[in-house]
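Dumped structure.cif below, it's mmCIF, C-alpha atoms:
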data_upload
#
loop_
_atom_site.label_atom_id
_atom_site.label_comp_id
_atom_site.auth_asym_id
_atom_site.auth_seq_id
_atom_site.Cartn_x
_atom_site.Cartn_y
_atom_site.Cartn_z
CA MET A 15 -19.58 -59.58 16.92
CA ASN A 16 -18.40 -59.69 20.54
CA GLU A 17 -20.44 -58.15 23.30
CA PRO A 18 -19.05 -54.84 24.64
CA ASN A 19 -16.58 -55.23 27.48
CA GLU A 20 -13.75 -53.36 29.15
CA ASN A 21 -11.30 -51.64 26.78
CA ARG A 22 -13.35 -52.52 23.72
CA VAL A 23 -14.71 -50.42 20.88
CA ILE A 24 -17.40 -52.13 18.85
CA PHE A 25 -17.74 -51.10 15.23
CA SER A 26 -20.85 -52.28 13.41
CA LEU A 27 -20.50 -52.47 9.62
CA ASN A 28 -23.33 -51.14 7.50
CA GLU A 29 -23.99 -52.26 3.93
CA GLU A 30 -22.20 -49.30 2.33
CA LEU A 31 -19.09 -49.89 4.43
CA ILE A 32 -19.09 -53.57 3.52
CA ASN A 33 -19.33 -52.66 -0.17
CA GLU A 34 -16.36 -50.30 0.17
CA LEU A 35 -14.33 -52.97 1.93
CA ASP A 36 -15.18 -55.34 -0.93
CA LYS A 37 -13.77 -52.77 -3.40
CA ILE A 38 -10.60 -52.52 -1.33
CA ALA A 39 -10.28 -56.31 -1.35
CA GLU A 40 -10.78 -56.40 -5.12
CA VAL A 41 -8.04 -53.84 -5.75
CA ALA A 42 -5.68 -55.58 -3.29
CA ASP A 43 -6.16 -58.74 -5.36
CA PHE A 44 -5.44 -56.82 -8.58
CA LEU A 45 -2.18 -55.52 -7.08
CA TRP A 46 -1.11 -59.02 -6.13
CA GLN A 47 -2.10 -60.52 -9.47
CA ARG A 48 -0.18 -57.79 -11.33
CA GLY A 49 2.97 -58.65 -9.38
CA TRP A 50 3.09 -55.20 -7.80
CA ALA A 51 2.79 -56.36 -4.18
CA GLU A 52 5.68 -58.65 -3.32
CA ALA A 53 5.60 -59.86 0.29
CA ASN A 54 4.14 -56.97 2.31
CA GLY A 55 4.85 -54.35 -0.39
CA GLY A 56 2.42 -51.46 -0.75
CA ASN A 57 -0.33 -50.01 1.41
CA ILE A 58 -3.77 -48.45 1.17
CA SER A 59 -5.80 -45.88 3.07
CA VAL A 60 -9.40 -44.90 2.35
CA ASN A 61 -11.44 -42.19 4.07
CA LEU A 62 -14.76 -43.81 5.03
CA THR A 63 -16.13 -40.97 7.16
CA HIS A 64 -18.99 -40.30 4.75
CA LEU A 65 -20.25 -43.86 5.29
CA ILE A 66 -20.61 -43.55 9.07
CA ASP A 67 -24.09 -43.31 10.52
CA ASN A 68 -24.40 -44.57 14.06
CA SER A 69 -21.98 -47.41 13.47
CA VAL A 70 -19.27 -46.33 15.93
CA GLN A 71 -20.24 -46.90 19.54
CA GLU A 72 -17.58 -46.12 22.14
CA PHE A 73 -18.07 -48.05 25.35
CA THR A 74 -14.76 -47.40 27.11
CA THR A 75 -11.18 -46.72 26.01
CA PRO A 76 -10.05 -48.31 22.71
CA GLU A 77 -7.55 -51.15 22.93
CA ILE A 78 -5.12 -49.23 20.69
CA THR A 79 -4.73 -45.45 20.87
CA ILE A 80 -1.55 -43.91 19.44
CA LYS A 81 -0.40 -40.31 19.42
CA LEU A 82 0.16 -38.86 15.96
CA SER A 83 3.63 -37.53 15.12
CA GLU A 84 1.96 -34.19 14.40
CA PRO A 85 -1.62 -33.03 15.11
CA LEU A 86 -4.05 -33.17 12.20
CA PRO A 87 -7.12 -31.20 13.32
CA GLY A 88 -8.41 -31.18 9.73
CA LEU A 89 -8.99 -34.93 10.05
CA ALA A 90 -10.57 -34.82 13.54
CA GLY A 91 -13.31 -37.43 13.86
CA ASN A 92 -12.52 -38.97 10.46
CA LEU A 93 -12.64 -42.73 9.97
CA PHE A 94 -10.17 -44.56 7.71
CA TYR A 95 -9.50 -48.06 6.50
CA VAL A 96 -5.74 -48.74 6.45
CA THR A 97 -3.85 -51.89 5.58
CA GLY A 98 -1.92 -53.49 8.43
CA ALA A 99 1.77 -53.29 9.23
CA GLY A 100 3.64 -56.15 7.57
CA LYS A 101 0.48 -57.52 5.95
CA ARG A 102 0.37 -58.94 2.43
CA MET A 103 -1.99 -57.65 -0.26
CA ARG A 104 -2.88 -61.21 -1.20
CA ASP A 105 -4.21 -61.62 2.35
CA VAL A 106 -5.93 -58.22 2.39
CA ALA A 107 -7.74 -59.42 -0.74
CA LYS A 108 -9.20 -62.32 1.24
CA SER A 109 -10.20 -60.37 4.34
CA PRO A 110 -9.52 -56.61 4.60
CA LEU A 111 -10.40 -56.41 8.30
CA ASP A 112 -8.24 -59.37 9.30
CA PHE A 113 -5.23 -57.76 7.63
CA GLY A 114 -6.07 -54.10 8.14
CA SER A 115 -7.91 -51.83 10.52
CA LEU A 116 -10.55 -49.17 10.80
CA ILE A 117 -9.04 -46.22 12.63
CA ARG A 118 -10.62 -43.02 13.88
CA ILE A 119 -8.80 -39.72 14.43
CA THR A 120 -9.70 -38.36 17.85
CA ASP A 121 -11.77 -35.19 18.13
CA ASP A 122 -8.71 -33.14 19.07
CA GLY A 123 -6.78 -34.41 16.03
CA GLN A 124 -3.94 -35.57 18.30
CA ARG A 125 -4.31 -39.35 18.19
CA PHE A 126 -5.85 -42.24 16.32
CA GLU A 127 -7.87 -45.12 17.75
CA VAL A 128 -8.29 -48.57 16.25
CA VAL A 129 -12.05 -49.08 16.22
CA SER A 130 -12.21 -52.49 14.54
CA GLU A 131 -12.15 -55.42 16.91
CA ASN A 132 -9.18 -57.32 15.49
CA GLY A 133 -6.68 -54.71 16.69
CA VAL A 134 -4.35 -54.95 13.65
CA LYS A 135 -1.62 -52.32 13.86
CA PRO A 136 -1.81 -49.97 10.84
CA THR A 137 0.91 -49.75 8.19
CA SER A 138 4.16 -48.05 9.21
CA GLU A 139 3.44 -45.60 6.37
CA LEU A 140 0.36 -44.32 8.26
CA PRO A 141 1.87 -40.89 9.11
CA SER A 142 2.52 -40.27 5.40
CA HIS A 143 -0.96 -41.52 4.47
CA LEU A 144 -2.61 -39.22 6.99
CA MET A 145 -0.58 -36.20 5.88
CA ILE A 146 -1.65 -36.89 2.30
CA GLN A 147 -5.25 -37.52 3.36
CA ASN A 148 -5.18 -34.16 5.14
CA PHE A 149 -3.96 -32.55 1.90
CA LEU A 150 -6.81 -34.21 -0.02
CA ARG A 151 -9.37 -32.83 2.43
CA ARG A 152 -7.94 -29.34 1.98
CA ARG A 153 -8.26 -29.84 -1.77
CA GLY A 154 -11.95 -30.64 -1.33
CA ILE A 155 -11.74 -34.43 -1.72
CA GLN A 156 -13.89 -35.75 1.12
CA HIS A 157 -13.60 -39.47 0.30
CA GLY A 158 -9.82 -39.59 -0.12
CA VAL A 159 -7.95 -42.67 -1.31
CA VAL A 160 -4.19 -43.13 -1.11
CA LEU A 161 -2.90 -46.17 -2.99
CA HIS A 162 0.79 -47.09 -2.88
CA THR A 163 2.15 -50.05 -4.84
CA HIS A 164 5.25 -51.28 -6.73
CA PRO A 165 4.63 -51.49 -10.51
CA THR A 166 7.69 -53.20 -11.99
CA GLU A 167 7.99 -51.34 -15.30
CA LEU A 168 7.42 -47.87 -13.85
CA ILE A 169 10.00 -48.46 -11.13
CA ALA A 170 12.46 -49.73 -13.76
CA LEU A 171 12.20 -46.43 -15.64
CA THR A 172 13.17 -44.48 -12.49
CA HIS A 173 16.50 -46.34 -12.47
CA CYS A 174 17.36 -44.66 -15.78
CA PRO A 175 18.76 -41.11 -15.30
CA PRO A 176 17.14 -39.60 -18.45
CA PHE A 177 13.73 -40.28 -16.88
CA ASP A 178 14.44 -38.21 -13.78
CA ASP A 179 12.66 -35.46 -15.72
CA ALA A 180 8.96 -35.89 -14.89
CA ALA A 181 7.82 -33.83 -17.88
CA LYS A 182 9.90 -35.93 -20.27
CA LEU A 183 8.69 -39.22 -18.77
CA SER A 184 5.06 -38.04 -18.84
CA ARG A 185 5.33 -37.17 -22.53
CA ILE A 186 6.78 -40.61 -23.33
CA LEU A 187 4.05 -42.41 -21.40
CA TRP A 188 1.30 -40.24 -22.93
CA SER A 189 2.61 -41.04 -26.39
CA MET A 190 2.48 -44.82 -26.04
CA ILE A 191 -1.29 -45.26 -25.97
CA PRO A 192 -4.20 -42.77 -26.26
CA GLU A 193 -5.84 -43.91 -23.02
CA THR A 194 -2.92 -42.57 -20.99
CA ILE A 195 -3.60 -38.98 -22.02
CA VAL A 196 -7.32 -39.40 -21.38
CA LEU A 197 -7.01 -41.07 -17.97
CA VAL A 198 -3.87 -39.36 -16.67
CA PRO A 199 -3.91 -35.88 -18.25
CA ARG A 200 -1.93 -34.37 -15.36
CA GLY A 201 0.96 -36.71 -16.02
CA LEU A 202 3.33 -38.23 -13.52
CA GLY A 203 5.31 -36.56 -10.74
CA ILE A 204 8.67 -37.90 -9.58
CA VAL A 205 10.03 -37.65 -6.04
CA PRO A 206 13.80 -38.30 -5.84
CA TYR A 207 14.69 -41.19 -3.54
CA ILE A 208 13.86 -40.50 0.12
CA LEU A 209 13.80 -43.02 2.95
CA THR A 210 10.39 -44.65 3.19
CA GLY A 211 8.12 -43.79 6.10
CA THR A 212 9.66 -40.37 6.74
CA PRO A 213 7.83 -37.04 6.98
CA GLN A 214 10.20 -35.71 4.29
CA LEU A 215 8.84 -38.25 1.79
CA ALA A 216 5.25 -37.24 2.58
CA ILE A 217 6.07 -33.51 2.30
CA GLN A 218 7.74 -33.94 -1.10
CA THR A 219 4.90 -36.18 -2.31
CA ILE A 220 2.29 -33.57 -1.35
CA ARG A 221 4.28 -30.92 -3.22
CA HIS A 222 4.03 -33.01 -6.40
CA LEU A 223 0.36 -33.85 -5.80
CA GLU A 224 -0.42 -30.17 -6.28
CA ASN A 225 0.00 -30.83 -10.01
CA HIS A 226 -0.38 -34.61 -10.38
CA ASP A 227 -2.68 -37.44 -9.30
CA VAL A 228 0.09 -40.04 -9.55
CA VAL A 229 3.59 -39.71 -8.12
CA MET A 230 6.60 -41.98 -8.55
CA TRP A 231 8.88 -42.53 -5.59
CA GLU A 232 12.22 -43.03 -7.34
CA LYS A 233 13.46 -46.66 -7.19
CA HIS A 234 10.58 -47.52 -4.85
CA GLY A 235 7.03 -47.37 -6.14
CA THR A 236 3.99 -45.39 -7.19
CA LEU A 237 1.36 -43.48 -5.23
CA ALA A 238 -2.03 -42.51 -6.65
CA VAL A 239 -4.74 -40.39 -5.03
CA GLY A 240 -8.39 -39.71 -5.73
CA ASP A 241 -11.88 -40.36 -4.39
CA ASP A 242 -12.33 -43.93 -5.67
CA ILE A 243 -9.93 -46.82 -5.15
CA GLY A 244 -10.82 -48.43 -8.47
CA HIS A 245 -9.95 -45.24 -10.33
CA CYS A 246 -6.65 -44.92 -8.47
CA PHE A 247 -5.79 -48.44 -9.61
CA ASP A 248 -6.78 -47.54 -13.19
CA LEU A 249 -4.37 -44.58 -13.20
CA ILE A 250 -1.42 -46.75 -12.20
CA ASP A 251 -2.49 -49.62 -14.45
CA THR A 252 -2.71 -47.36 -17.50
CA LEU A 253 0.66 -45.72 -16.86
CA THR A 254 2.19 -49.17 -16.40
CA LYS A 255 0.73 -50.33 -19.72
CA SER A 256 2.46 -47.40 -21.42
CA ALA A 257 5.73 -48.26 -19.67
CA LYS A 258 5.39 -51.87 -20.84
CA ILE A 259 4.87 -50.79 -24.45
CA TYR A 260 7.89 -48.51 -24.30
CA LEU A 261 10.14 -51.16 -22.75
CA ALA A 262 8.87 -53.87 -25.12
CA ALA A 263 9.84 -51.71 -28.10
CA LYS A 264 13.27 -50.96 -26.63
CA THR A 265 13.80 -54.65 -25.89
CA ALA A 266 12.95 -55.45 -29.50
CA GLY A 267 15.73 -53.09 -30.53
CA PHE A 268 13.94 -49.98 -31.75
CA GLU A 269 12.86 -46.61 -30.42
CA PRO A 270 9.05 -46.51 -30.29
CA GLN A 271 7.59 -43.87 -32.56
CA GLY A 272 4.84 -42.84 -30.16
CA LEU A 273 1.96 -40.52 -30.88
CA THR A 274 3.03 -37.24 -32.46
CA GLN A 275 2.61 -33.90 -30.70
CA GLU A 276 -0.27 -33.15 -33.08
CA GLN A 277 -1.99 -36.45 -32.33
CA MET A 278 -1.69 -35.92 -28.57
CA ALA A 279 -2.98 -32.35 -28.89
CA GLU A 280 -5.91 -33.66 -30.94
CA LEU A 281 -6.77 -36.13 -28.17
CA ALA A 282 -6.57 -33.39 -25.55
CA ARG A 283 -8.95 -31.20 -27.56
CA ALA A 284 -11.35 -34.07 -28.25
CA PHE A 285 -11.68 -34.87 -24.54
CA GLY A 286 -11.54 -31.29 -23.28
CA LEU A 287 -8.29 -31.85 -21.40
CA PRO A 288 -6.04 -29.01 -20.21
CA THR A 289 -2.87 -30.88 -21.15
CA GLU A 290 -0.28 -28.96 -23.13
CA PHE A 291 2.49 -30.58 -25.16
#

Can you present the structure in this file as structure tokens?
Amino acid sequence: MNEPNENRVIFSLNEELINELDKIAEVADFLWQRGWAEANGGNISVNLTHLIDNSVQEFTTPEITIKLSEPLPGLAGNLFYVTGAGKRMRDVAKSPLDFGSLIRITDDGQRFEVVSENGVKPTSELPSHLMIQNFLRRRGIQHGVVLHTHPTELIALTHCPPFDDAAKLSRILWSMIPETIVLVPRGLGIVPYILTGTPQLAIQTIRHLENHDVVMWEKHGTLAVGDDIGHCFDLIDTLTKSAKIYLAAKTAGFEPQGLTQEQMAELARAFGLPTEF
């Protein structure tokens, strides 16, 4: 760790923060191994504020301070890990802080500061991530995770007009394997195609997150939210497994039977889930 000097913010990692960064690295590797993170595809943000003790020590002005497109006073003082702009998940898996940054929202909620020493510029999707993180805080999730990736089979289904209906697609995915109902009882939301990185995409995503923990961006990718990055990965992984089963059956030339309405309702009752079919 460098000694403090002009225009430098030193951030000392504690054991809990290191463990969380290790979890981020593990999931980044999973995304790459699954083939969901081509080139610099996908991005991650994790709220680490609860892991701060006296680790942030401001000596002078940070090297990178950027004004937010809109103030987010609800996130004032919060610390996030975010993957870097143009960085590859396979590299994040090796070293999260060399290919991502720790950023802090200023106390007035107007700007963010990069407080890790490497100075990696955060993902271009950061405004959307922060808007969604702000929504998660309002919903009572203090340790918010936003995970965006490109699962091949799920994206393929959004190219098929009959699956524009989120309720219909959710029912199909639920019916392919029991675990999908258990792990993703709120089903899947679908946002019609919107240019990536825009406030409009974030606004529409948040609207769907009112009722879902996983949202598809049509012809683009998937976004999952929660309070644990491993669980967010599990949600997408399970939905993708269902999509694979469905597409495998169709490729083999038959319509998959799927679980019946009664069987899905039985699962919902057995696990105390609110899902209705």

(request) Using the chain letters and residue numbers of this document, give as a PyMOL selection string the residues selected by the PyMOL selection byres ((chain A and resi 225) around 9). (result) chain A and resi 200-203+221-224+226-227

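The space between CA of His245 (chain A) and CA of Gln277 (chain A) spans 25.0 Å.
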
(message) As an exercise, work out the distance from CA of Leu93 (chain A) to CA of Glu127 (chain A) in Å and give it to one decimal place.
(response) 9.4 Å

(message) I want to know what sits within 12 Å of Pro192 (chain A), based on all atoms listed in the file, with residues of the same chain fewer than 5 positions away left out; could you give that as a VMD selection string?
(response) chain A and resid 185 to 187 197 to 199 252 to 253 255 to 256 272 to 274 277 to 282 284 to 285

(request) Translate the PyMOL selection byres ((chain A and resi 254) around 10), as applied to the file shown, into an explicit residue set as a ChimeraX atom specification. (result) /A:165-169,187,194,248-253,255-260

Same residues, C-alpha atoms, output as a PDB file, in the frame of the given file:
ATOM      1  CA  PRO A 165       4.630 -51.490 -10.510  1.00  0.00           C
ATOM      2  CA  THR A 166       7.690 -53.200 -11.990  1.00  0.00           C
ATOM      3  CA  GLU A 167       7.990 -51.340 -15.300  1.00  0.00           C
ATOM      4  CA  LEU A 168       7.420 -47.870 -13.850  1.00  0.00           C
ATOM      5  CA  ILE A 169      10.000 -48.460 -11.130  1.00  0.00           C
ATOM      6  CA  LEU A 187       4.050 -42.410 -21.400  1.00  0.00           C
ATOM      7  CA  THR A 194      -2.920 -42.570 -20.990  1.00  0.00           C
ATOM      8  CA  ASP A 248      -6.780 -47.540 -13.190  1.00  0.00           C
ATOM      9  CA  LEU A 249      -4.370 -44.580 -13.200  1.00  0.00           C
ATOM     10  CA  ILE A 250      -1.420 -46.750 -12.200  1.00  0.00           C
ATOM     11  CA  ASP A 251      -2.490 -49.620 -14.450  1.00  0.00           C
ATOM     12  CA  THR A 252      -2.710 -47.360 -17.500  1.00  0.00           C
ATOM     13  CA  LEU A 253       0.660 -45.720 -16.860  1.00  0.00           C
ATOM     14  CA  LYS A 255       0.730 -50.330 -19.720  1.00  0.00           C
ATOM     15  CA  SER A 256       2.460 -47.400 -21.420  1.00  0.00           C
ATOM     16  CA  ALA A 257       5.730 -48.260 -19.670  1.00  0.00           C
ATOM     17  CA  LYS A 258       5.390 -51.870 -20.840  1.00  0.00           C
ATOM     18  CA  ILE A 259       4.870 -50.790 -24.450  1.00  0.00           C
ATOM     19  CA  TYR A 260       7.890 -48.510 -24.300  1.00  0.00           C
TER      20      TYR A 260
END

(request) Counting only C-alpha atoms, figure out which residue out of A:Ser142, A:Ser189, A:Gln271, A:Thr163 gets nearest to Thr236 (chain A). (result) A:Thr163

(request) Would you mind reading off the distance between CA of Asp242 (chain A) and CA of Gly56 (chain A), one decimal, in Å? (result)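 Separation between CA of Asp242 (chain A) and CA of Gly56 (chain A): 17.3 Å.
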
(request) Please determine the residues with any atom at most 9 Å from (17.6, -48.3, -9.4) (coordinates as given in the file, with all atoms listed in the file counting) and report them as JSON, numbers by chain. (result) {"A": [169, 170, 171, 172, 173, 174, 232, 233, 234]}

Excluding Ser59 (chain A) and its own-chain neighbours fewer than 6 positions away, which residues fall within 6 Å of it when counting all atoms listed in the file? Please give them as a compact mmCIF listing (two decimals) with C-alpha atoms, in the frame of the given file.
# COMPACT_ATOMS: atom_id res chain seq x y z
CA TYR A 95 -9.50 -48.06 6.50
CA VAL A 96 -5.74 -48.74 6.45
CA VAL A 159 -7.95 -42.67 -1.31
CA VAL A 160 -4.19 -43.13 -1.11

(message) Selection in question (the file shown): the PyMOL selection byres ((chain A and resi 124) around 10). Which residues does it include, as a list in words?
(response) Ile80, Lys81, Leu82, Ser83, Glu84, Pro85, Leu86, Pro87, Leu89, Ala90, Ile119, Thr120, Asp121, Asp122, Gly123, Arg125 and Phe126 of chain A

(request) Pick out the residues sitting within 9 Å of Glu52 (chain A), and hand them over as a PyMOL selection string; count all atoms listed in the file, and ignore anything fewer than 2 positions along from it in its own chain. (result) chain A and resi 46+49-50+54-56+102-103+164

Please return the centre and edge lengths, in Å to one decimal, of a box with edges along x, y and z that contains all listed atoms of region 200-214 of chain A, widened by 5 Å on every side, as lines of an AutoDock Vina configuration file.
center_x = 6.4
center_y = -39.5
center_z = -4.5
size_x = 26.6
size_y = 20.3
size_z = 33.0

(message) Give me the residues near Phe44 (chain A) as a count of residues only, where near means some atom within 10 Å (using all atoms listed in the file) and where sequence neighbours in that chain fewer than 3 positions away do not count.
(response) 15
